[in-house]
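Asks: Pasting my_file_4.tsv below, which is TSV, C-alpha atoms (C1' of nucleotides).
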```tsv
chain	number	residue	atom	x	y	z
A	777	MET	CA	50.01	119.57	138.31
A	778	GLY	CA	53.51	118.47	137.97
A	779	ALA	CA	56.66	120.43	138.32
A	780	ALA	CA	56.52	124.12	138.99
A	781	SER	CA	57.48	125.98	135.85
A	782	ILE	CA	60.35	128.12	136.95
A	783	SER	CA	61.87	128.46	133.53
A	784	SER	CA	60.40	130.94	131.10
A	785	VAL	CA	61.35	128.78	128.15
A	786	ALA	CA	58.34	126.53	128.50
A	787	ASP	CA	55.85	129.38	128.74
A	788	PRO	CA	56.52	132.42	126.57
A	789	ALA	CA	53.50	134.24	128.03
A	790	GLU	CA	54.91	134.08	131.55
A	791	ARG	CA	55.74	137.54	132.87
A	792	PRO	CA	58.81	138.06	134.99
A	793	ALA	CA	58.18	139.63	138.36
A	794	THR	CA	58.73	143.39	138.53
A	795	LEU	CA	59.14	145.86	141.34
A	796	LEU	CA	55.50	146.77	140.72
A	797	ASP	CA	54.27	143.42	142.00
A	798	GLY	CA	53.14	143.73	145.58
A	799	LEU	CA	52.78	147.51	145.48
A	800	VAL	CA	49.36	148.56	146.72
A	801	GLY	CA	49.65	151.81	144.78
A	802	TYR	CA	50.09	149.97	141.50
A	803	ALA	CA	47.30	147.49	142.26
A	804	LEU	CA	45.05	150.46	143.03
A	805	ARG	CA	45.88	152.06	139.72
A	806	ARG	CA	45.11	148.90	137.75
A	807	ALA	CA	41.83	148.21	139.53
A	808	HIS	CA	40.75	151.84	139.22
A	809	ASN	CA	41.65	151.97	135.53
A	810	ARG	CA	39.65	148.84	134.80
A	811	MET	CA	36.60	150.14	136.67
A	812	MET	CA	36.75	153.47	134.86
A	813	ALA	CA	37.26	151.86	131.46
A	814	ASP	CA	34.04	149.96	132.02
A	815	LEU	CA	32.10	152.82	133.59
A	816	MET	CA	32.88	155.68	131.25
A	817	PRO	CA	31.11	154.37	128.12
A	818	ILE	CA	28.15	153.41	130.31
A	819	LEU	CA	27.78	156.92	131.72
A	820	GLY	CA	28.56	158.25	128.26
A	821	SER	CA	25.34	156.64	127.07
A	822	ILE	CA	23.49	159.32	129.05
A	823	SER	CA	26.13	161.97	128.32
A	824	LEU	CA	27.59	161.94	131.83
A	825	ARG	CA	31.10	161.53	133.18
A	826	PRO	CA	32.05	160.20	136.62
A	827	VAL	CA	32.74	163.69	137.96
A	828	LEU	CA	29.31	164.96	136.88
A	829	PHE	CA	27.62	162.00	138.54
A	830	ALA	CA	29.57	162.71	141.73
A	831	MET	CA	28.51	166.36	141.64
A	832	LEU	CA	24.84	165.49	141.18
A	833	SER	CA	25.05	162.96	144.01
A	834	VAL	CA	26.51	165.47	146.45
A	835	ILE	CA	24.03	168.18	145.48
A	836	ARG	CA	21.12	165.79	146.02
A	837	ALA	CA	22.41	164.90	149.48
A	838	ASN	CA	23.11	168.56	150.29
A	839	PRO	CA	20.47	170.76	148.66
A	840	GLY	CA	21.59	174.37	148.72
A	841	ILE	CA	25.27	173.52	149.09
A	842	ILE	CA	27.42	176.36	147.80
A	843	GLN	CA	29.96	175.87	145.04
A	844	MET	CA	32.91	176.11	147.40
A	845	GLY	CA	31.41	173.37	149.57
A	846	LEU	CA	30.86	171.09	146.61
A	847	GLY	CA	34.43	171.60	145.49
A	848	THR	CA	35.79	170.83	148.95
A	849	GLU	CA	33.67	167.69	149.24
A	850	LEU	CA	34.91	166.30	145.92
A	851	GLY	CA	38.43	167.66	146.00
A	852	ILE	CA	37.85	169.98	143.05
A	853	GLN	CA	39.23	173.50	143.12
A	854	ARG	CA	36.64	176.21	142.73
A	855	ALA	CA	38.23	177.51	139.53
A	856	ASN	CA	37.88	174.11	137.89
A	857	LEU	CA	34.38	173.67	139.22
A	858	VAL	CA	32.96	176.61	137.29
A	859	PRO	CA	32.89	175.05	133.80
A	860	LEU	CA	31.55	171.80	135.27
A	861	ILE	CA	28.67	173.61	136.96
A	862	ASN	CA	28.08	175.58	133.78
A	863	GLU	CA	27.78	172.27	131.95
A	864	LEU	CA	25.14	170.98	134.37
A	865	THR	CA	23.18	174.23	134.42
A	866	SER	CA	23.16	174.58	130.64
A	867	ARG	CA	21.64	171.10	130.51
A	868	ASN	CA	19.01	172.09	133.09
A	869	LEU	CA	20.17	169.41	135.51
A	870	ILE	CA	20.93	171.87	138.33
A	871	VAL	CA	20.25	175.54	139.06
A	872	ARG	CA	22.31	178.23	140.76
A	873	ARG	CA	20.49	180.42	143.27
A	874	ALA	CA	21.63	183.36	145.32
A	875	ASP	CA	22.53	182.48	148.90
A	876	PRO	CA	20.25	184.52	151.18
A	877	ARG	CA	22.91	184.69	153.89
A	878	ASP	CA	26.01	185.38	151.80
A	879	ARG	CA	25.74	187.48	148.70
A	880	ARG	CA	29.07	186.20	147.39
A	881	ALA	CA	27.91	182.61	147.33
A	882	LEU	CA	25.66	180.66	144.97
A	883	THR	CA	23.66	177.66	146.16
A	884	LEU	CA	23.10	174.59	144.02
A	885	HIS	CA	19.92	172.58	143.59
A	886	LEU	CA	18.87	169.67	141.42
A	887	THR	CA	16.09	170.22	138.90
A	888	ALA	CA	13.46	167.57	138.24
A	889	GLU	CA	15.46	166.67	135.16
A	890	GLY	CA	18.61	166.37	137.26
A	891	GLU	CA	16.82	164.13	139.77
A	892	ALA	CA	15.62	161.85	136.98
A	893	LEU	CA	18.98	161.64	135.26
A	894	LEU	CA	20.73	160.97	138.56
A	895	ASP	CA	18.37	158.09	139.26
A	896	GLU	CA	19.04	156.71	135.82
A	897	ALA	CA	22.80	157.02	136.32
A	898	ALA	CA	22.62	155.36	139.74
A	899	ALA	CA	20.82	152.39	138.24
A	900	LEU	CA	23.44	152.05	135.50
A	901	ILE	CA	26.29	152.32	137.99
A	902	GLY	CA	24.68	149.77	140.26
A	903	LYS	CA	24.61	147.23	137.47
A	904	HIS	CA	28.14	148.16	136.46
A	905	GLU	CA	29.49	147.62	139.99
A	906	LYS	CA	27.67	144.33	140.40
A	907	ARG	CA	29.05	143.05	137.11
A	908	MET	CA	32.63	144.17	137.79
A	909	LEU	CA	32.63	142.62	141.26
A	910	THR	CA	31.22	139.18	140.48
A	911	ARG	CA	34.51	137.63	141.61
A	912	LEU	CA	34.02	139.08	145.11
A	913	SER	CA	31.68	137.78	147.76
A	914	ALA	CA	29.55	140.27	149.68
A	915	ALA	CA	31.91	139.92	152.64
A	916	GLU	CA	34.93	140.54	150.43
A	917	ARG	CA	33.32	143.59	148.90
A	918	ASN	CA	32.62	145.07	152.34
A	919	LYS	CA	36.14	144.25	153.50
A	920	LEU	CA	37.51	145.95	150.39
A	921	LEU	CA	35.50	149.10	151.09
A	922	GLU	CA	36.73	149.10	154.67
A	923	LEU	CA	40.39	148.75	153.67
A	924	LEU	CA	40.13	151.41	150.97
A	925	GLU	CA	38.58	153.82	153.46
A	926	LYS	CA	41.48	153.24	155.83
A	927	ILE	CA	43.83	154.35	153.07
A	928	ALA	CA	41.70	157.27	151.92
A	929	ALA	CA	41.07	158.64	155.41
A	930	GLU	CA	43.31	161.58	156.15
B	572	MET	CA	28.12	156.35	174.27
B	573	GLY	CA	25.12	157.16	173.59
B	574	ALA	CA	22.31	157.31	171.17
B	575	ALA	CA	23.04	157.18	167.55
B	576	SER	CA	22.97	160.68	166.15
B	577	ILE	CA	20.50	160.49	163.37
B	578	SER	CA	19.72	164.14	163.25
B	579	SER	CA	22.11	166.48	161.51
B	580	VAL	CA	21.11	169.38	163.72
B	581	ALA	CA	23.38	168.42	166.55
B	582	ASP	CA	26.44	167.97	164.35
B	583	PRO	CA	26.92	170.48	161.56
B	584	ALA	CA	30.03	168.65	160.33
B	585	GLU	CA	28.09	165.47	159.70
B	586	ARG	CA	27.89	164.65	156.03
B	587	PRO	CA	24.68	163.28	154.58
B	588	ALA	CA	25.01	159.96	152.80
B	589	THR	CA	25.33	160.20	149.04
B	590	LEU	CA	25.01	157.72	146.22
B	591	LEU	CA	28.81	157.63	146.21
B	592	ASP	CA	28.93	155.89	149.58
B	593	GLY	CA	29.34	152.18	149.11
B	594	LEU	CA	30.59	152.44	145.54
B	595	VAL	CA	33.83	150.52	145.13
B	596	GLY	CA	34.73	152.69	142.14
B	597	TYR	CA	34.56	155.86	144.22
B	598	ALA	CA	36.46	154.32	147.13
B	599	LEU	CA	39.13	153.25	144.66
B	600	ARG	CA	39.43	156.77	143.32
B	601	ARG	CA	39.81	158.27	146.78
B	602	ALA	CA	42.40	155.75	147.93
B	603	HIS	CA	44.31	156.03	144.67
B	604	ASN	CA	44.29	159.83	144.81
B	605	ARG	CA	45.63	159.86	148.34
B	606	MET	CA	48.42	157.41	147.51
B	607	MET	CA	49.43	159.42	144.45
B	608	ALA	CA	49.34	162.73	146.29
B	609	ASP	CA	51.84	161.30	148.75
B	610	LEU	CA	53.98	159.50	146.18
B	611	MET	CA	54.40	162.15	143.52
B	612	PRO	CA	56.47	164.67	145.49
B	613	ILE	CA	58.59	161.78	146.78
B	614	LEU	CA	59.41	160.55	143.28
B	615	GLY	CA	59.72	164.17	142.23
B	616	SER	CA	62.70	164.47	144.57
B	617	ILE	CA	64.61	162.29	142.09
B	618	SER	CA	62.82	163.79	139.06
B	619	LEU	CA	60.67	160.73	138.43
B	620	ARG	CA	56.95	160.20	138.02
B	621	PRO	CA	54.99	157.00	138.73
B	622	VAL	CA	54.77	156.12	135.05
B	623	LEU	CA	58.54	156.44	134.57
B	624	PHE	CA	59.17	154.21	137.59
B	625	ALA	CA	56.78	151.64	136.16
B	626	MET	CA	58.56	151.73	132.80
B	627	LEU	CA	61.99	151.26	134.38
B	628	SER	CA	60.67	148.38	136.49
B	629	VAL	CA	59.25	146.53	133.49
B	630	ILE	CA	62.37	147.10	131.42
B	631	ARG	CA	64.56	145.72	134.21
B	632	ALA	CA	62.41	142.61	134.45
B	633	ASN	CA	62.30	142.25	130.65
B	634	PRO	CA	65.62	143.37	129.15
B	635	GLY	CA	65.26	143.80	125.41
B	636	ILE	CA	61.49	144.27	125.53
B	637	ILE	CA	60.27	146.23	122.53
B	638	GLN	CA	58.34	149.46	122.86
B	639	MET	CA	55.08	147.86	121.84
B	640	GLY	CA	55.51	145.21	124.54
B	641	LEU	CA	56.21	147.78	127.20
B	642	GLY	CA	53.13	149.72	126.18
B	643	THR	CA	50.94	146.63	126.30
B	644	GLU	CA	52.28	145.65	129.72
B	645	LEU	CA	51.53	149.06	131.23
B	646	GLY	CA	48.40	149.89	129.24
B	647	ILE	CA	50.05	152.79	127.44
B	648	GLN	CA	49.42	153.27	123.75
B	649	ARG	CA	52.53	153.26	121.63
B	650	ALA	CA	51.93	156.81	120.44
B	651	ASN	CA	51.94	158.09	124.02
B	652	LEU	CA	54.93	155.97	124.92
B	653	VAL	CA	57.29	157.74	122.51
B	654	PRO	CA	57.80	160.98	124.45
B	655	LEU	CA	58.12	159.01	127.70
B	656	ILE	CA	60.86	156.82	126.25
B	657	ASN	CA	62.51	159.92	124.79
B	658	GLU	CA	62.53	161.37	128.29
B	659	LEU	CA	64.26	158.32	129.75
B	660	THR	CA	66.78	158.04	126.91
B	661	SER	CA	67.68	161.72	127.00
B	662	ARG	CA	68.48	161.26	130.71
B	663	ASN	CA	70.62	158.21	129.92
B	664	LEU	CA	68.44	155.95	132.06
B	665	ILE	CA	67.61	153.57	129.19
B	666	VAL	CA	68.84	152.97	125.64
B	667	ARG	CA	67.04	152.00	122.45
B	668	ARG	CA	68.67	149.30	120.31
B	669	ALA	CA	67.71	147.82	116.98
B	670	ASP	CA	65.90	144.49	117.28
B	671	PRO	CA	68.02	141.92	115.42
B	672	ARG	CA	64.92	139.92	114.47
B	673	ASP	CA	62.53	142.72	113.51
B	674	ARG	CA	63.86	145.83	111.86
B	675	ARG	CA	60.70	147.75	112.69
B	676	ALA	CA	61.14	147.27	116.40
B	677	LEU	CA	63.41	148.88	118.98
B	678	THR	CA	64.47	147.04	122.12
B	679	LEU	CA	64.87	148.76	125.48
B	680	HIS	CA	67.59	148.27	128.07
B	681	LEU	CA	68.48	149.93	131.36
B	682	THR	CA	71.77	151.76	131.63
B	683	ALA	CA	73.89	151.58	134.77
B	684	GLU	CA	72.46	154.98	135.65
B	685	GLY	CA	68.95	153.66	135.13
B	686	GLU	CA	69.64	150.67	137.36
B	687	ALA	CA	70.92	152.91	140.13
B	688	LEU	CA	68.03	155.36	139.92
B	689	LEU	CA	65.51	152.52	139.86
B	690	ASP	CA	67.00	151.10	143.05
B	691	GLU	CA	66.81	154.50	144.66
B	692	ALA	CA	63.18	154.93	143.59
B	693	ALA	CA	62.26	151.45	144.85
B	694	ALA	CA	63.65	152.29	148.28
B	695	LEU	CA	61.68	155.53	148.41
B	696	ILE	CA	58.48	153.81	147.30
B	697	GLY	CA	58.96	151.06	149.85
B	698	LYS	CA	59.07	153.58	152.66
B	699	HIS	CA	56.12	155.46	151.17
B	700	GLU	CA	53.94	152.33	151.01
B	701	LYS	CA	54.86	151.29	154.52
B	702	ARG	CA	53.97	154.72	155.88
B	703	MET	CA	50.68	154.97	153.97
B	704	LEU	CA	49.54	151.52	155.08
B	705	THR	CA	50.25	151.74	158.80
B	706	ARG	CA	46.53	151.32	159.49
B	707	LEU	CA	46.56	147.91	157.79
B	708	SER	CA	47.91	144.68	159.24
B	709	ALA	CA	50.09	142.49	157.06
B	710	ALA	CA	47.15	140.16	156.55
B	711	GLU	CA	44.89	143.05	155.56
B	712	ARG	CA	47.46	144.35	153.11
B	713	ASN	CA	47.72	140.95	151.44
B	714	LYS	CA	43.95	140.60	151.35
B	715	LEU	CA	43.69	144.05	149.78
B	716	LEU	CA	46.19	143.10	147.06
B	717	GLU	CA	44.25	139.90	146.40
B	718	LEU	CA	40.92	141.71	146.09
B	719	LEU	CA	42.36	144.44	143.87
B	720	GLU	CA	43.85	141.81	141.57
B	721	LYS	CA	40.47	140.15	141.23
B	722	ILE	CA	39.09	143.45	139.99
B	723	ALA	CA	42.02	144.27	137.73
B	724	ALA	CA	42.22	140.83	136.12
B	725	GLU	CA	40.60	140.82	132.71
C	10	DG	C1'	58.76	136.47	93.54
C	11	DG	C1'	54.74	139.82	93.95
C	12	DC	C1'	51.02	141.74	96.49
C	13	DA	C1'	47.62	142.79	100.15
C	14	DT	C1'	47.32	143.17	104.98
C	15	DA	C1'	49.13	143.79	109.56
C	16	DA	C1'	52.49	145.51	112.90
C	17	DT	C1'	55.92	149.03	114.78
C	18	DG	C1'	57.46	153.51	115.72
C	19	DT	C1'	56.54	158.33	115.03
C	20	DT	C1'	54.22	162.89	114.62
C	21	DG	C1'	50.37	165.74	115.20
C	22	DT	C1'	46.14	167.01	117.31
C	23	DG	C1'	42.44	167.52	120.50
C	24	DA	C1'	39.87	166.59	124.76
C	25	DG	C1'	39.83	166.36	129.63
C	26	DA	C1'	41.78	166.74	134.45
C	27	DC	C1'	44.25	169.68	137.31
C	28	DA	C1'	47.09	173.64	139.27
C	29	DT	C1'	48.04	178.59	139.61
C	30	DA	C1'	47.46	183.57	139.28
C	31	DA	C1'	44.65	187.51	139.06
C	32	DC	C1'	40.36	190.03	139.56
C	33	DA	C1'	35.63	191.99	141.39
C	34	DA	C1'	32.29	191.58	144.86
C	35	DT	C1'	31.33	190.57	149.48
C	36	DC	C1'	32.16	189.21	154.21
C	37	DA	C1'	34.40	189.44	158.73
C	38	DA	C1'	37.36	191.31	162.29
C	39	DG	C1'	39.97	194.88	164.21
D	438	DC	C1'	35.84	202.16	158.39
D	439	DT	C1'	39.61	199.72	156.89
D	440	DT	C1'	42.30	195.65	156.34
D	441	DG	C1'	42.34	191.02	155.24
D	442	DA	C1'	39.91	186.76	153.97
D	443	DT	C1'	36.36	184.35	151.14
D	444	DT	C1'	33.52	183.33	146.89
D	445	DG	C1'	32.92	183.03	142.16
D	446	DT	C1'	35.06	183.87	137.77
D	447	DT	C1'	38.38	184.23	133.88
D	448	DA	C1'	42.61	183.15	131.89
D	449	DT	C1'	46.59	180.34	131.38
D	450	DG	C1'	49.51	176.40	131.36
D	451	DT	C1'	50.74	171.49	132.16
D	452	DC	C1'	49.97	166.59	132.16
D	453	DT	C1'	47.55	162.45	130.69
D	454	DC	C1'	45.30	160.10	127.30
D	455	DA	C1'	42.83	158.89	122.86
D	456	DC	C1'	42.72	158.93	117.89
D	457	DA	C1'	44.22	159.58	113.07
D	458	DA	C1'	47.71	159.49	109.71
D	459	DC	C1'	52.18	158.21	107.92
D	460	DA	C1'	56.75	155.59	106.61
D	461	DT	C1'	59.02	151.40	107.29
D	462	DT	C1'	59.05	146.58	107.81
D	463	DA	C1'	56.74	141.69	108.48
D	464	DT	C1'	53.64	138.36	107.35
D	465	DG	C1'	50.48	135.60	104.68
D	466	DC	C1'	48.55	134.39	100.24
D	467	DC	C1'	48.63	133.91	95.08
```
Could you spell out this file's structure in C-alpha cells?
Replies:
Amino acid sequence: MGAASISSVADPAERPATLLDGLVGYALRRAHNRMMADLMPILGSISLRPVLFAMLSVIRANPGIIQMGLGTELGIQRANLVPLINELTSRNLIVRRADPRDRRALTLHLTAEGEALLDEAAALIGKHEKRMLTRLSAAERNKLLELLEKIAAE
Amino acid sequence: MGAASISSVADPAERPATLLDGLVGYALRRAHNRMMADLMPILGSISLRPVLFAMLSVIRANPGIIQMGLGTELGIQRANLVPLINELTSRNLIVRRADPRDRRALTLHLTAEGEALLDEAAALIGKHEKRMLTRLSAAERNKLLELLEKIAAE
DNA sequence: GGCATAATGTTGTGAGACATAACAATCAAG
DNA sequence: CTTGATTGTTATGTCTCACAACATTATGCC
C-alpha cells in the first residue's frame, strides 16, 4: 500500500484526469464501442451485422410488420431501410408480401432460412454477452439494464 | 390493478418481446443514441461535436501530448485524427508544435481560445447530463458509471 | 558508422450509417 | 372527387471509421 501516488513522475502510465471522467455519455460510448468491437466479427462469421440481427429479431416477434413499422421500431428511416431489406430478401432470409389491407404497404416475414440464421445469431450473441459481462454479477447486470432503460426511455 | 395483460388483443400498442430485450449491447445502443441526440445540437450551438470536445479535454489534461498519443487515448486511428486536428488548428483552438525529442512527432497545446471554448462546452455538457439523468439518483448514477467502466475496461 | 525494422504524420480510398429531397402509388378525410 | 397524408423507392450528400501506401525520422543490431 503505502503512500498515494499523487505525482506523475513515479508512474509514467498514469493518466491525468480529464473533463471526460465522470461523464455518463462518455462512459456509454466506451462501453458501447467495446461491445461492438467484440460483437461485429462474431456476427461477421455468419455474414450479419448488428442492424440485420435487430431487423430479423423484430420481424420474428412481429410477423407481417410493414416496413414503416420496422423502421419506427428500430429508429431507421424508411429510405435507409430499403437497401437493408433488399439485402435480407436477396439472401432469402425474409420475404416481402403485399399487405391485404393497404396496397401501399409491404409486410415482412422470416423464411425458414431466416429463422435458422436468427437462432444461430442469438446463440452467438448470448455467448458474446456472457463473456463480455463476466465482471458483473447477475444483480449488477439487471441493475445496469434498468438504469440504461431509464436513460433510453423518452 | 388488475390482471396481467398477457394477450395483445386488448392493447394494440403493446410490443411483443424480441431477442433484443435483455441484451446489454442493445440497451447500450439505445441509451447512447438518446444521449447523443440530445447532446449534438447543444454542442452544435458552439460549432463543436462530441469528438472535438473529447480531443480538447485530453489535450488540456495532457499539454504537449503527441498526435499518436491523443489517438490512442480516444481510440481514434492516427489517419482519421489528421483532419480533426486540422479542424481545431484552423479555428485557432489548438496549435501543433515540433516535439523537441522526436522530430517525427508533433505536440498539441490548447490556445487561450481553445481553453475558453472548452470551458463553455463543459458547462453546456454539465447541464445536458444533469437534465438527461433526472430519473437517476446520485447513487444510481455512480453505480452506472462503475458498471460501464467494468465493461469498457480491457 | 551502416542497415533493417518500427514509429509518426499524412494522403487517398472505400465501406457503412444516417439525413434529406423528390417521386409514384395509395389511402383517408373533407 | 379532390386535397392532403402515408408508404415504398431512388438519388444524393455528409459523417465516421478502417485500411493501404508513402516520406520522414527513431531505434536496434551488425
Asks: As a PyMOL selection string, could you give me every residue of chain C near chain A (at most 12 Å apart, counting all atoms listed in the file)?
Replies: chain C and resi 25-31+33-37
Asks: Please build the interface table for chain D against chain A with a cut-off of 8 Å, listing for each qualifying residue the nearest atom pair and the distance in Å to one decimal; count only C-alpha atoms (C1' of nucleotides), order rows by chain and increasing number, and write it as a Markdown table.
Replies:
```
| residue | atom | partner | partner_atom | distance |
| --- | --- | --- | --- | --- |
| D:DT444 | C1' | A:Arg880 | CA | 5.3 |
| D:DG445 | C1' | A:Ala881 | CA | 7.2 |
| D:DT446 | C1' | A:Ala855 | CA | 7.3 |
```
Asks: Write out as a PyMOL selection string every residue belonging to chain A that has an atom at most 9 Å from any atom of chain B, counting only C-alpha atoms.
Replies: chain A and resi 791-796+798-812+815+829-830+833-838+898+901-902+905+908-912+916-921+923-930
Asks: One decimal, Å: what's the distance from CA of Pro634 in chain B over to C1' of DC459 in chain D, could you say?
Replies: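 Computing it gives 29.2 Å between the two atoms.
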Asks: What's the 12 Å shell around Ala687 in chain B, counting all atoms listed in the file, without same-chain residues fewer than 4 positions away, as a list of chain:residue names?
Replies: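 Those residues are B:Ile617, B:Leu627, B:Ser628, B:Arg631, B:Asn663, B:Leu664, B:Ile665, B:Leu681, B:Thr682, B:Ala683, B:Glu691, B:Ala692, B:Ala693, B:Ala694.
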Asks: What is the CA of Ser618 in chain B to C1' of DG23 in chain C distance in Å?
Replies: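 So the two atoms, CA of Ser618 in chain B and C1' of DG23 in chain C, lie 27.8 Å apart.
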Asks: To one decimal place, how far is CA of Ser616 in chain B from CA of Leu695 in chain B in Å?
Replies: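 Result for CA of Ser616 in chain B versus CA of Leu695 in chain B: 9.8 Å, one decimal.
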Asks: With 9 Å as the threshold, what does the neighbourhood of (47.3, 158.8, 115.5) contain in terms of residues, counting all atoms listed in the file? Coordinates are those of the file; answer as a PDB file with C-alpha atoms (C1' of nucleotides), in the coordinates of the input.
Replies:
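Result file follows (out.pdb):
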```pdb
ATOM      1  CA  ALA B 650      51.930 156.810 120.440  1.00  0.00           C
TER       2      ALA B 650
ATOM      3  C1'  DT C  20      54.220 162.890 114.620  1.00  0.00           C
ATOM      4  C1'  DG C  21      50.370 165.740 115.200  1.00  0.00           C
ATOM      5  C1'  DT C  22      46.140 167.010 117.310  1.00  0.00           C
TER       6       DT C  22
ATOM      7  C1'  DA D 455      42.830 158.890 122.860  1.00  0.00           C
ATOM      8  C1'  DC D 456      42.720 158.930 117.890  1.00  0.00           C
ATOM      9  C1'  DA D 457      44.220 159.580 113.070  1.00  0.00           C
ATOM     10  C1'  DA D 458      47.710 159.490 109.710  1.00  0.00           C
TER      11       DA D 458
END
```
Asks: Between B:Ser661, B:Asp670, B:Gly635, B:Leu614, which one has atoms that come closest to DT17 in chain C, using all atoms listed in the file?
Replies: B:Asp670
Asks: From the options C:DA38, C:DA24, C:DA16, C:DC32, which residue's atoms come nearest to DT439 in chain D, counting only C-alpha atoms (C1' of nucleotides)?
Replies: C:DA38
Asks: Within 10 Å of DT440 in chain D, counting only C-alpha atoms (C1' of nucleotides), which residues show up once you throw out same-chain ones fewer than 2 positions away? Write them as JSON, numbers by chain, please.
Replies: {"C": [38, 39], "D": [438, 442]}
